[in-house]
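Structure data (JSON, C-alpha atoms) from run.json:
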```json
[["chain", "number", "residue", "atom", "x", "y", "z"],
["A", 1205, "MET", "CA", 22.90, -8.13, -8.34],
["A", 1206, "ARG", "CA", 22.64, -7.10, -4.71],
["A", 1207, "VAL", "CA", 25.43, -7.90, -2.32],
["A", 1208, "ALA", "CA", 24.28, -10.30, 0.40],
["A", 1209, "LYS", "CA", 26.00, -8.64, 3.34],
["A", 1210, "GLU", "CA", 24.58, -7.40, 6.61],
["A", 1211, "LEU", "CA", 24.28, -3.64, 6.57],
["A", 1212, "VAL", "CA", 26.49, -1.90, 9.11],
["A", 1213, "ILE", "CA", 25.62, 1.66, 10.11],
["A", 1214, "GLU", "CA", 29.20, 2.93, 10.00],
["A", 1215, "PRO", "CA", 30.24, 5.55, 7.41],
["A", 1216, "ALA", "CA", 33.44, 3.95, 6.10],
["A", 1217, "GLN", "CA", 32.03, 0.43, 5.78],
["A", 1218, "SER", "CA", 28.73, 1.70, 4.39],
["A", 1219, "TRP", "CA", 30.56, 3.76, 1.76],
["A", 1220, "ALA", "CA", 32.66, 0.74, 0.76],
["A", 1221, "ARG", "CA", 29.53, -1.35, 0.39],
["A", 1222, "LEU", "CA", 27.90, 1.35, -1.69],
["A", 1223, "GLN", "CA", 30.78, 1.09, -4.19],
["A", 1224, "GLU", "CA", 30.03, -2.62, -4.66],
["A", 1225, "LEU", "CA", 26.43, -1.95, -5.64],
["A", 1226, "LYS", "CA", 25.45, -1.09, -9.19],
["A", 1227, "ASN", "CA", 22.29, 0.69, -8.10],
["A", 1228, "SER", "CA", 22.35, 3.16, -5.19],
["A", 1229, "GLU", "CA", 18.60, 2.67, -4.74],
["A", 1230, "TRP", "CA", 19.33, -0.80, -3.39],
["A", 1231, "PHE", "CA", 21.57, 0.72, -0.79],
["A", 1232, "ILE", "CA", 18.87, 3.18, 0.30],
["A", 1233, "HIS", "CA", 16.41, 0.30, 0.52],
["A", 1234, "ASP", "CA", 18.85, -1.61, 2.71],
["A", 1235, "VAL", "CA", 19.20, 1.39, 5.01],
["A", 1236, "GLU", "CA", 15.41, 1.64, 5.36],
["A", 1237, "GLU", "CA", 15.10, -2.08, 6.06],
["A", 1238, "GLN", "CA", 17.82, -1.91, 8.69],
["A", 1239, "LEU", "CA", 16.19, 1.08, 10.37],
["A", 1240, "LYS", "CA", 12.88, -0.79, 10.39],
["A", 1241, "GLU", "CA", 14.51, -3.88, 11.92],
["A", 1242, "ASN", "CA", 16.34, -1.84, 14.56],
["A", 1243, "HIS", "CA", 13.06, -0.10, 15.39],
["A", 1244, "ARG", "CA", 11.33, -3.46, 15.85],
["A", 1245, "LEU", "CA", 14.11, -4.87, 18.03],
["A", 1246, "PHE", "CA", 14.13, -1.78, 20.23],
["A", 1247, "LEU", "CA", 10.35, -1.88, 20.80],
["A", 1248, "GLU", "CA", 10.40, -5.59, 21.61],
["A", 1249, "GLU", "CA", 13.30, -5.22, 24.03],
["A", 1250, "LEU", "CA", 11.57, -2.32, 25.75],
["A", 1251, "MET", "CA", 8.32, -4.30, 26.13],
["A", 1252, "ARG", "CA", 10.20, -7.27, 27.58],
["A", 1253, "TYR", "CA", 11.81, -4.96, 30.13],
["A", 1254, "GLU", "CA", 8.34, -3.57, 30.95],
["A", 1255, "ARG", "CA", 7.09, -7.08, 31.69],
["A", 1256, "GLN", "CA", 10.15, -7.78, 33.83],
["A", 1257, "GLN", "CA", 9.35, -4.71, 35.94],
["A", 1258, "HIS", "CA", 5.74, -5.90, 36.24],
["A", 1259, "LEU", "CA", 6.83, -9.36, 37.41],
["A", 1260, "GLY", "CA", 9.31, -7.89, 39.89],
["A", 1261, "VAL", "CA", 11.98, -10.48, 39.11],
["A", 1262, "ALA", "CA", 14.62, -11.15, 36.45],
["A", 1263, "PRO", "CA", 14.12, -13.94, 33.89],
["A", 1264, "TYR", "CA", 14.46, -17.45, 35.38],
["A", 1265, "GLU", "CA", 14.83, -15.98, 38.88],
["A", 1266, "ARG", "CA", 13.08, -17.98, 41.62],
["A", 1267, "THR", "CA", 11.78, -15.91, 44.53],
["A", 1268, "SER", "CA", 8.69, -15.50, 46.63],
["A", 1269, "LYS", "CA", 8.49, -11.82, 45.65],
["A", 1270, "ARG", "CA", 7.28, -12.67, 42.15],
["A", 1271, "ALA", "CA", 4.09, -10.71, 41.43],
["A", 1272, "ASP", "CA", 3.11, -12.65, 38.31],
["A", 1273, "GLN", "CA", 4.41, -15.14, 35.76],
["A", 1274, "ALA", "CA", 5.46, -14.68, 32.16],
["A", 1275, "ASN", "CA", 3.24, -16.31, 29.57],
["A", 1276, "GLY", "CA", 5.14, -16.02, 26.31],
["A", 1277, "PHE", "CA", 4.27, -13.61, 23.51],
["A", 1278, "TYR", "CA", 1.58, -12.89, 20.96],
["A", 1279, "GLN", "CA", 2.06, -11.37, 17.50],
["A", 1280, "ARG", "CA", 0.83, -7.89, 16.67],
["A", 1281, "THR", "CA", 1.17, -6.19, 13.27],
["A", 1282, "LEU", "CA", 1.95, -2.48, 13.69],
["A", 1283, "LEU", "CA", 1.81, -0.10, 10.75],
["A", 1284, "SER", "CA", 4.63, 2.40, 11.33],
["A", 1285, "ARG", "CA", 6.25, 5.21, 9.36],
["A", 1286, "LEU", "CA", 8.77, 2.63, 8.14],
["A", 1287, "GLY", "CA", 6.09, 0.21, 7.00],
["A", 1288, "PRO", "CA", 4.32, -2.75, 8.66],
["A", 1289, "MET", "CA", 6.27, -4.71, 11.26],
["A", 1290, "GLU", "CA", 5.50, -7.87, 13.21],
["A", 1291, "LEU", "CA", 6.02, -7.39, 16.94],
["A", 1292, "ALA", "CA", 6.28, -10.06, 19.61],
["A", 1293, "VAL", "CA", 4.27, -8.54, 22.45],
["A", 1294, "PRO", "CA", 4.92, -10.11, 25.88],
["A", 1295, "ARG", "CA", 2.07, -11.18, 28.13],
["A", 1296, "SER", "CA", 1.64, -12.41, 31.69],
["A", 1297, "ARG", "CA", -0.16, -15.42, 33.14],
["A", 1298, "SER", "CA", -2.76, -13.28, 34.95],
["A", 1299, "GLY", "CA", -3.40, -11.08, 31.93],
["A", 1300, "LEU", "CA", -2.92, -7.93, 34.02],
["A", 1301, "PHE", "CA", 0.23, -6.80, 32.22],
["A", 1302, "GLN", "CA", -0.38, -4.16, 29.53],
["A", 1303, "THR", "CA", 2.57, -2.56, 27.77],
["A", 1304, "GLN", "CA", 2.69, 1.22, 27.50],
["A", 1305, "ILE", "CA", 4.34, 1.00, 24.09],
["A", 1306, "LEU", "CA", 1.15, -0.17, 22.39],
["A", 1307, "ARG", "CA", -2.37, 0.72, 23.37],
["A", 1308, "ARG", "CA", -4.86, -2.13, 23.53],
["A", 1309, "TYR", "CA", -5.87, -3.08, 19.97],
["A", 1310, "GLN", "CA", -3.52, -0.46, 18.47],
["A", 1311, "ARG", "CA", -2.61, -1.26, 14.85],
["A", 1312, "ARG", "CA", -0.99, 1.98, 13.68],
["A", 1313, "GLU", "CA", 1.52, 4.49, 14.99],
["A", 1314, "ALA", "CA", 0.20, 7.93, 15.87],
["A", 1315, "ALA", "CA", 2.27, 9.43, 13.03],
["A", 1316, "VAL", "CA", 0.41, 7.24, 10.50],
["A", 1317, "ASP", "CA", -2.97, 8.40, 11.81],
["A", 1318, "GLU", "CA", -1.78, 12.01, 11.60],
["A", 1319, "ALA", "CA", -0.69, 11.49, 7.97],
["A", 1320, "LEU", "CA", -4.12, 10.04, 7.13],
["A", 1321, "ARG", "CA", -5.86, 13.03, 8.69],
["A", 1322, "LYS", "CA", -3.69, 15.51, 6.80],
["A", 1323, "VAL", "CA", -4.29, 13.76, 3.48],
["A", 1324, "PHE", "CA", -8.03, 13.76, 4.22],
["A", 1325, "LEU", "CA", -7.95, 17.49, 5.01],
["A", 1326, "LEU", "CA", -6.27, 18.15, 1.65],
["A", 1327, "GLY", "CA", -9.43, 16.89, -0.04],
["A", 1328, "VAL", "CA", -8.52, 13.26, -0.76],
["A", 1329, "SER", "CA", -11.54, 10.99, -0.30],
["A", 1330, "THR", "CA", -11.56, 8.17, 2.25],
["A", 1331, "ARG", "CA", -11.34, 5.61, -0.54],
["A", 1332, "GLN", "CA", -8.33, 7.28, -2.16],
["A", 1333, "ALA", "CA", -6.36, 8.22, 0.98],
["A", 1334, "GLY", "CA", -5.21, 4.65, 1.68],
["A", 1335, "PRO", "CA", -3.87, 3.92, -1.82],
["A", 1336, "ALA", "CA", -2.27, 7.38, -1.92],
["A", 1337, "LEU", "CA", -0.10, 6.54, 1.10],
["A", 1338, "ALA", "CA", 0.44, 2.88, 0.23],
["A", 1339, "THR", "CA", 3.76, 3.64, -1.49],
["A", 1340, "LEU", "CA", 5.18, 5.23, 1.65],
["A", 1341, "LEU", "CA", 3.65, 2.84, 4.18],
["A", 1342, "ASP", "CA", 4.06, -0.38, 2.13],
["A", 1343, "GLU", "CA", 0.46, -1.18, 2.97],
["A", 1344, "ALA", "CA", -2.89, 0.19, 1.82],
["A", 1345, "VAL", "CA", -5.26, 1.47, 4.50],
["A", 1346, "SER", "CA", -8.96, 0.79, 4.08],
["A", 1347, "ALA", "CA", -11.56, 3.51, 3.60],
["A", 1348, "ALA", "CA", -13.21, 2.49, 6.87],
["A", 1349, "THR", "CA", -9.92, 3.04, 8.71],
["A", 1350, "VAL", "CA", -9.47, 6.50, 7.19],
["A", 1351, "SER", "CA", -13.05, 7.37, 8.14],
["A", 1352, "ALA", "CA", -12.53, 6.19, 11.74],
["A", 1353, "VAL", "CA", -9.27, 8.13, 12.08],
["A", 1354, "SER", "CA", -10.87, 11.27, 10.61],
["A", 1355, "LYS", "CA", -13.65, 11.23, 13.21],
["A", 1356, "VAL", "CA", -11.16, 12.74, 15.64],
["A", 1357, "LEU", "CA", -11.28, 15.84, 13.44],
["A", 1358, "ASP", "CA", -15.04, 16.10, 13.99],
["A", 1359, "GLN", "CA", -14.49, 16.35, 17.74],
["A", 1360, "THR", "CA", -11.77, 18.98, 17.27],
["A", 1361, "VAL", "CA", -13.95, 21.10, 14.97],
["A", 1362, "ALA", "CA", -16.96, 20.79, 17.29],
["A", 1363, "GLY", "CA", -14.83, 21.98, 20.23],
["A", 1364, "TRP", "CA", -13.57, 24.90, 18.14],
["A", 1365, "HIS", "CA", -17.15, 25.94, 17.31],
["A", 1366, "ARG", "CA", -18.09, 25.87, 21.01],
["A", 1367, "ARG", "CA", -15.07, 27.71, 22.41],
["A", 1368, "ALA", "CA", -15.55, 30.92, 24.38],
["A", 1369, "LEU", "CA", -14.73, 34.13, 22.50],
["A", 1370, "ALA", "CA", -12.74, 37.06, 23.83],
["A", 1371, "ASP", "CA", -14.51, 40.41, 23.44],
["A", 1372, "THR", "CA", -11.37, 42.17, 22.17],
["A", 1373, "TYR", "CA", -12.06, 42.59, 18.46],
["A", 1374, "ARG", "CA", -11.93, 46.11, 17.00],
["A", 1375, "TYR", "CA", -13.15, 45.19, 13.52],
["A", 1376, "LEU", "CA", -15.37, 42.42, 12.16],
["A", 1377, "ILE", "CA", -15.58, 41.19, 8.57],
["A", 1378, "PHE", "CA", -18.49, 39.07, 7.36],
["A", 1379, "ASP", "CA", -18.69, 37.25, 4.06],
["A", 1380, "GLY", "CA", -20.45, 34.30, 2.44],
["A", 1381, "VAL", "CA", -18.39, 31.81, 0.43],
["A", 1382, "SER", "CA", -19.89, 29.21, -1.87],
["A", 1383, "VAL", "CA", -18.27, 25.80, -1.32],
["A", 1384, "ARG", "CA", -18.75, 22.29, -2.66],
["A", 1385, "ILE", "CA", -18.90, 19.47, -0.11],
["A", 1386, "ARG", "CA", -19.65, 15.77, -0.31],
["A", 1387, "LEU", "CA", -22.98, 14.89, 1.32],
["A", 1388, "VAL", "CA", -24.70, 11.50, 1.20],
["A", 1389, "GLY", "CA", -22.55, 10.20, -1.63],
["A", 1390, "LYS", "CA", -22.70, 13.25, -3.89],
["A", 1391, "VAL", "CA", -21.19, 16.72, -4.09],
["A", 1392, "GLN", "CA", -23.52, 19.58, -3.19],
["A", 1393, "ARG", "CA", -23.15, 23.33, -2.93],
["A", 1394, "ARG", "CA", -23.41, 25.08, 0.41],
["A", 1395, "VAL", "CA", -22.69, 28.59, 1.65],
["A", 1396, "ALA", "CA", -20.08, 29.09, 4.37],
["A", 1397, "LEU", "CA", -21.01, 32.17, 6.40],
["A", 1398, "CYS", "CA", -17.62, 33.37, 7.66],
["A", 1399, "ALA", "CA", -16.85, 35.79, 10.48],
["A", 1400, "TYR", "CA", -13.36, 37.30, 10.70],
["A", 1401, "GLY", "CA", -12.05, 39.52, 13.46],
["A", 1402, "ILE", "CA", -9.15, 41.96, 13.77],
["A", 1403, "GLY", "CA", -7.91, 42.50, 17.31],
["A", 1404, "GLU", "CA", -5.83, 45.15, 18.98],
["A", 1405, "ASP", "CA", -2.64, 43.57, 17.59],
["A", 1406, "GLY", "CA", -3.86, 44.09, 14.02],
["A", 1407, "GLN", "CA", -3.92, 40.36, 13.25],
["A", 1408, "ARG", "CA", -6.88, 38.93, 11.37],
["A", 1409, "GLU", "CA", -8.32, 35.57, 12.42],
["A", 1410, "LEU", "CA", -11.26, 33.40, 11.52],
["A", 1411, "ILE", "CA", -13.69, 33.57, 14.44],
["A", 1412, "ASP", "CA", -16.26, 31.07, 13.23],
["A", 1413, "PHE", "CA", -18.19, 29.84, 10.20],
["A", 1414, "LEU", "CA", -21.56, 28.25, 9.56],
["A", 1415, "LEU", "CA", -22.52, 25.99, 6.64],
["A", 1416, "VAL", "CA", -26.03, 26.77, 5.37],
["A", 1417, "ARG", "CA", -28.11, 26.37, 2.24],
["A", 1418, "SER", "CA", -28.65, 30.08, 1.64],
["A", 1419, "GLU", "CA", -27.58, 33.53, 2.87],
["A", 1420, "SER", "CA", -30.95, 34.30, 4.42],
["A", 1421, "GLU", "CA", -31.44, 36.79, 7.24],
["A", 1422, "GLU", "CA", -32.42, 33.95, 9.55],
["A", 1423, "ASN", "CA", -29.18, 32.07, 8.91],
["A", 1424, "ARG", "CA", -27.12, 35.23, 9.31],
["A", 1425, "ARG", "CA", -28.86, 36.12, 12.56],
["A", 1426, "SER", "CA", -28.29, 32.59, 13.87],
["A", 1427, "LEU", "CA", -24.52, 32.99, 13.41],
["A", 1428, "LEU", "CA", -24.44, 36.46, 14.99],
["A", 1429, "GLU", "CA", -26.52, 35.44, 18.00],
["A", 1430, "GLU", "CA", -24.25, 32.46, 18.61],
["A", 1431, "LEU", "CA", -21.20, 34.74, 18.56],
["A", 1432, "TRP", "CA", -22.94, 36.98, 21.10],
["A", 1433, "ARG", "CA", -23.76, 34.06, 23.40],
["A", 1434, "ARG", "CA", -20.14, 32.89, 23.32],
["A", 1435, "GLY", "CA", -18.85, 36.27, 24.53],
["A", 1436, "LEU", "CA", -18.51, 38.56, 21.50],
["A", 1437, "HIS", "CA", -20.62, 41.47, 22.81],
["A", 1438, "GLY", "CA", -18.86, 44.12, 20.74],
["A", 1439, "THR", "CA", -17.75, 46.43, 23.58],
["A", 1440, "LYS", "CA", -14.61, 47.39, 21.62],
["A", 1441, "LEU", "CA", -16.02, 47.20, 18.09],
["A", 1442, "ARG", "CA", -15.37, 50.22, 15.88],
["A", 1443, "LEU", "CA", -16.44, 49.02, 12.45],
["A", 1444, "ILE", "CA", -18.08, 46.06, 10.73],
["A", 1445, "THR", "CA", -17.41, 45.34, 7.06],
["A", 1446, "THR", "CA", -19.98, 43.34, 5.10],
["A", 1447, "ASP", "CA", -20.45, 42.02, 1.58],
["A", 1448, "GLY", "CA", -23.64, 44.06, 1.25],
["A", 1449, "ASN", "CA", -26.07, 41.17, 1.80],
["A", 1450, "PRO", "CA", -29.41, 42.70, 2.92],
["A", 1451, "GLY", "CA", -30.12, 39.83, 5.31],
["A", 1452, "LEU", "CA", -26.74, 40.30, 6.99],
["A", 1453, "ILE", "CA", -27.23, 44.06, 7.37],
["A", 1454, "ALA", "CA", -30.67, 43.52, 8.94],
["A", 1455, "ALA", "CA", -29.26, 40.93, 11.35],
["A", 1456, "LEU", "CA", -26.34, 43.19, 12.34],
["A", 1457, "GLU", "CA", -28.74, 46.03, 13.17],
["A", 1458, "LEU", "CA", -30.41, 43.72, 15.67],
["A", 1459, "VAL", "CA", -27.26, 42.34, 17.34],
["A", 1460, "TRP", "CA", -24.88, 45.33, 17.21],
["A", 1461, "PRO", "CA", -27.08, 48.32, 16.33],
["A", 1462, "ARG", "CA", -24.59, 50.97, 17.55],
["A", 1463, "VAL", "CA", -21.61, 49.78, 15.46],
["A", 1464, "SER", "CA", -20.92, 51.49, 12.12],
["A", 1465, "LEU", "CA", -21.20, 49.41, 8.96],
["A", 1466, "GLN", "CA", -19.10, 49.62, 5.80],
["A", 1467, "ARG", "CA", -19.52, 47.92, 2.48],
["A", 1468, "CYS", "CA", -16.53, 45.86, 1.31],
["A", 1469, "TRP", "CA", -14.89, 47.72, -1.59],
["A", 1470, "VAL", "CA", -14.07, 44.53, -3.46],
["A", 1471, "HIS", "CA", -17.70, 43.43, -3.49],
["A", 1472, "LYS", "CA", -18.90, 46.93, -4.28],
["A", 1473, "LEU", "CA", -16.55, 47.43, -7.21],
["A", 1474, "ARG", "CA", -17.65, 44.12, -8.69],
["A", 1475, "ASN", "CA", -21.20, 45.49, -8.78],
["A", 1476, "VAL", "CA", -19.97, 48.77, -10.25],
["A", 1477, "SER", "CA", -17.98, 46.92, -12.91],
["A", 1478, "ALA", "CA", -21.13, 45.11, -14.01],
["A", 1479, "ARG", "CA", -22.72, 48.50, -14.82],
["A", 1480, "LEU", "CA", -19.80, 49.89, -16.80],
["A", 1481, "LYS", "CA", -18.92, 49.65, -20.43],
["A", 1482, "LYS", "CA", -16.28, 47.12, -21.35],
["A", 1483, "VAL", "CA", -13.65, 49.79, -22.08],
["A", 1484, "SER", "CA", -14.04, 51.26, -18.57],
["A", 1485, "LYS", "CA", -13.99, 48.07, -16.52],
["A", 1486, "ASN", "CA", -10.25, 48.49, -15.83],
["A", 1487, "VAL", "CA", -11.12, 51.31, -13.43],
["A", 1488, "CYS", "CA", -12.55, 48.74, -11.01],
["A", 1489, "LYS", "CA", -9.88, 46.11, -11.39],
["A", 1490, "ARG", "CA", -7.33, 47.89, -9.19],
["A", 1491, "PRO", "CA", -9.23, 49.69, -6.42],
["A", 1492, "SER", "CA", -6.01, 50.36, -4.48],
["A", 1493, "SER", "CA", -4.91, 52.76, -7.23],
["A", 1494, "PHE", "CA", -7.60, 55.31, -6.38],
["A", 1495, "ILE", "CA", -8.95, 54.37, -2.92],
["A", 1496, "LYS", "CA", -6.83, 55.89, -0.15],
["A", 1497, "PRO", "CA", -7.24, 55.51, 3.64],
["A", 1498, "GLY", "CA", -7.60, 58.30, 6.19],
["A", 1499, "PRO", "CA", -7.98, 61.98, 5.22],
["A", 1500, "ALA", "CA", -7.30, 61.19, 1.57],
["A", 1501, "ALA", "CA", -10.42, 59.06, 1.33],
["A", 1502, "LYS", "CA", -12.83, 61.79, 0.13],
["A", 1503, "PRO", "CA", -10.50, 63.19, -2.56],
["A", 1504, "SER", "CA", -9.77, 59.71, -3.82],
["A", 1505, "LEU", "CA", -13.49, 59.00, -4.02],
["A", 1506, "ASP", "CA", -14.01, 62.17, -6.04],
["A", 1507, "SER", "CA", -11.19, 61.05, -8.31],
["A", 1508, "ALA", "CA", -12.87, 57.69, -8.80],
["A", 1509, "SER", "CA", -16.15, 59.37, -9.68],
["A", 1510, "GLY", "CA", -14.27, 61.57, -12.16],
["A", 1511, "LYS", "CA", -12.81, 58.53, -13.86],
["A", 1512, "LEU", "CA", -16.32, 57.22, -14.28],
["A", 1513, "ALA", "CA", -17.52, 60.45, -15.87],
["A", 1514, "GLY", "CA", -19.42, 59.78, -19.01],
["A", 1515, "GLU", "CA", -20.51, 56.36, -17.82],
["A", 1516, "SER", "CA", -24.02, 55.43, -16.79],
["A", 1517, "LYS", "CA", -25.48, 57.40, -13.91],
["A", 1518, "PRO", "CA", -26.33, 54.28, -11.87],
["A", 1519, "SER", "CA", -22.62, 53.42, -11.65],
["A", 1520, "GLU", "CA", -21.76, 56.83, -10.19],
["A", 1521, "ARG", "CA", -24.57, 56.60, -7.64],
["A", 1522, "CYS", "CA", -23.43, 53.10, -6.78],
["A", 1523, "VAL", "CA", -19.89, 54.33, -5.96],
["A", 1524, "ALA", "CA", -21.05, 57.37, -3.98],
["A", 1525, "TRP", "CA", -23.61, 55.42, -1.93],
["A", 1526, "SER", "CA", -21.07, 52.78, -0.92],
["A", 1527, "TRP", "CA", -18.78, 55.23, 0.90],
["A", 1528, "ILE", "CA", -19.81, 55.28, 4.58]]
```
If you took the structure in this file and wrote it as structure tokens, what would it be?
Amino acid sequence: MRVAKELVIEPAQSWARLQELKNSEWFIHDVEEQLKENHRLFLEELMRYERQQHLGVAPYERTSKRADQANGFYQRTLLSRLGPMELAVPRSRSGLFQTQILRRYQRREAAVDEALRKVFLLGVSTRQAGPALATLLDEAVSAATVSAVSKVLDQTVAGWHRRALADTYRYLIFDGVSVRIRLVGKVQRRVALCAYGIGEDGQRELIDFLLVRSESEENRRSLLEELWRRGLHGTKLRLITTDGNPGLIAALELVWPRVSLQRCWVHKLRNVSARLKKVSKNVCKRPSSFIKPGPAAKPSLDSASGKLAGESKPSERCVAWSWI
């Protein structure tokens, strides 16, 4: 049975009270409830002080300097990190007073909206996000609320796609990734055309991506031309690595015709592995064991070809052709 005593945030007294309880979870619950109550009292006191500053006089003070009159309070339910709380929000007779603690029509703390966005980004649907956080927030959030909160992400992503690009990349990497996204009530497959860049500091970053239905030359060229318009003219480009898509190679020759192209070894070795016998597929599973950078590149390539000796001729030609 819980002890009906007011919780005091003082170590010695709190420890003594903990010894009286048979279940420490009750004590933790009491701490959370007290924190929630203190949070509510602090917000209400701060809003009352805000109204006092707006009126220009202290409570019950009679003076001609009064700018407005108090008009009681109205109730507002605020969903906070500690759960829902009922706040008494002060108001003025003229209706001109607006507290800075709560925005007009605000129902949730900013931290709650941020938690909803993060859960949504992790792949939880709008219908499941609310119930998933209900245990922590003590209240389920509707799917419409999650959808409205997540619309802020659309604006952020749109701004990211339109940002100006610095023409400082030394290397570009292009690839197409098949993804599954929810469209019009059902999950569909799309291709994310991704563009990565490596700058002078050696750090790789995602420059941009484009969701399309297929990896056609037209779609590839659309992405490249957009990168060019936003400032990526390739004045410092040394090398571009591709996945070998013919449409991408044709589009690159139009946008950056003077930059050398190289086939990605991972993609290439997957094609080589498909042409090998089952007993020899291990040669392609660890390309780092025989592919060396710099001056050792040619000898390592010869070594790779030697390991493939006895295999089908197309596989050897495939390896030799890929080295640019």
Just the residues within 12 Å of Glu1457 in chain A, please, counting all atoms listed in the file, with nothing from its chain fewer than 5 positions along; format it as a PyMOL selection string.
chain A and resi 1421+1424-1425+1428-1429+1444+1450-1452+1462-1465
Selection near Gly1435 in chain A, 8 Å with only C-alpha atoms, sequence-local residues under 5 positions removed, as a list in words
Ala1368, Leu1369, Ala1370 and Asp1371 of chain A
List as a PyMOL selection string the residues having at least one atom at most 6 Å from position (-22.5, 45.3, -1.5) as given in the file, counting only C-alpha atoms.
chain A and resi 1447-1448+1467+1471-1472
Which residue out of A:Arg1255, A:Arg1321, A:Arg1442, A:Arg1331 has the minimum interatomic distance to Pro1294 in chain A when all atoms listed in the file are used?
A:Arg1255
Here CA of Gly1380 in chain A and CA of Ser1351 in chain A stand apart by 28.5 Å
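Using only C-alpha atoms, the residues found no farther than 7 Å from Phe1378 in chain A, other than those of its own chain fewer than 6 positions away, are Cys1398, Ala1399, Tyr1400, Thr1445, Thr1446 and Asp1447 of chain A.
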Each range 1292-1363 of chain A residue no farther than 7 Å from range 1270-1276 of chain A, nearest pair in Å, all atoms listed in the file, as a tab-separated table:
```
residue	atom	partner	partner_atom	distance
A:Pro1294	CA	A:Gly1276	CA	5.9
A:Arg1295	CA	A:Asn1275	CA	5.5
A:Ser1296	CA	A:Ala1274	CA	4.5
A:Arg1297	CA	A:Asn1275	CA	5.0
A:Ser1298	CA	A:Asp1272	CA	6.8
```
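Reported to one decimal place, the separation of CA of Tyr1278 in chain A from CA of Phe1301 in chain A is 12.9 Å.
The two atoms in question, CA of Lys1355 in chain A and CA of Phe1324 in chain A, are spaced 10.9 Å apart.
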Excluding same-chain residues fewer than 4 positions from Arg1308 in chain A, what lies within 12 Å of it counting only C-alpha atoms, as a list of chain:residue names?
A:Arg1280, A:Leu1282, A:Val1293, A:Phe1301, A:Gln1302, A:Thr1303, A:Gln1304, A:Arg1312
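Residues with any atom within 12 Å of Ala1292 in chain A, counting only C-alpha atoms and excluding same-chain neighbours fewer than 3 positions away, are Arg1244, Leu1245, Phe1246, Leu1247, Glu1248, Glu1249, Leu1250, Met1251, Arg1252, Gly1276, Phe1277, Tyr1278, Gln1279, Arg1280, Thr1281, Leu1282, Met1289, Arg1295, Thr1303 and Leu1306 of chain A.
With all atoms listed in the file as the basis for measurement, A:Thr1372 is the residue among A:Thr1372, A:Ser1420, A:Val1395, A:Trp1469 that approaches His1437 in chain A most closely.
Nearest residue to Asp1379 in chain A, choosing from A:Val1391, A:Ala1396, A:Leu1427, A:Val1416 and counting all atoms listed in the file: A:Ala1396.
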Step by step: start from the point (3.7, 4.3, 10.5) in the file's coordinates, keep every protein, DNA or RNA residue that has an atom no farther than 7 Å from it, count only C-alpha atoms, and write the set as a ChimeraX atom specification.
/A:1283-1287,1312-1313,1315-1316,1341
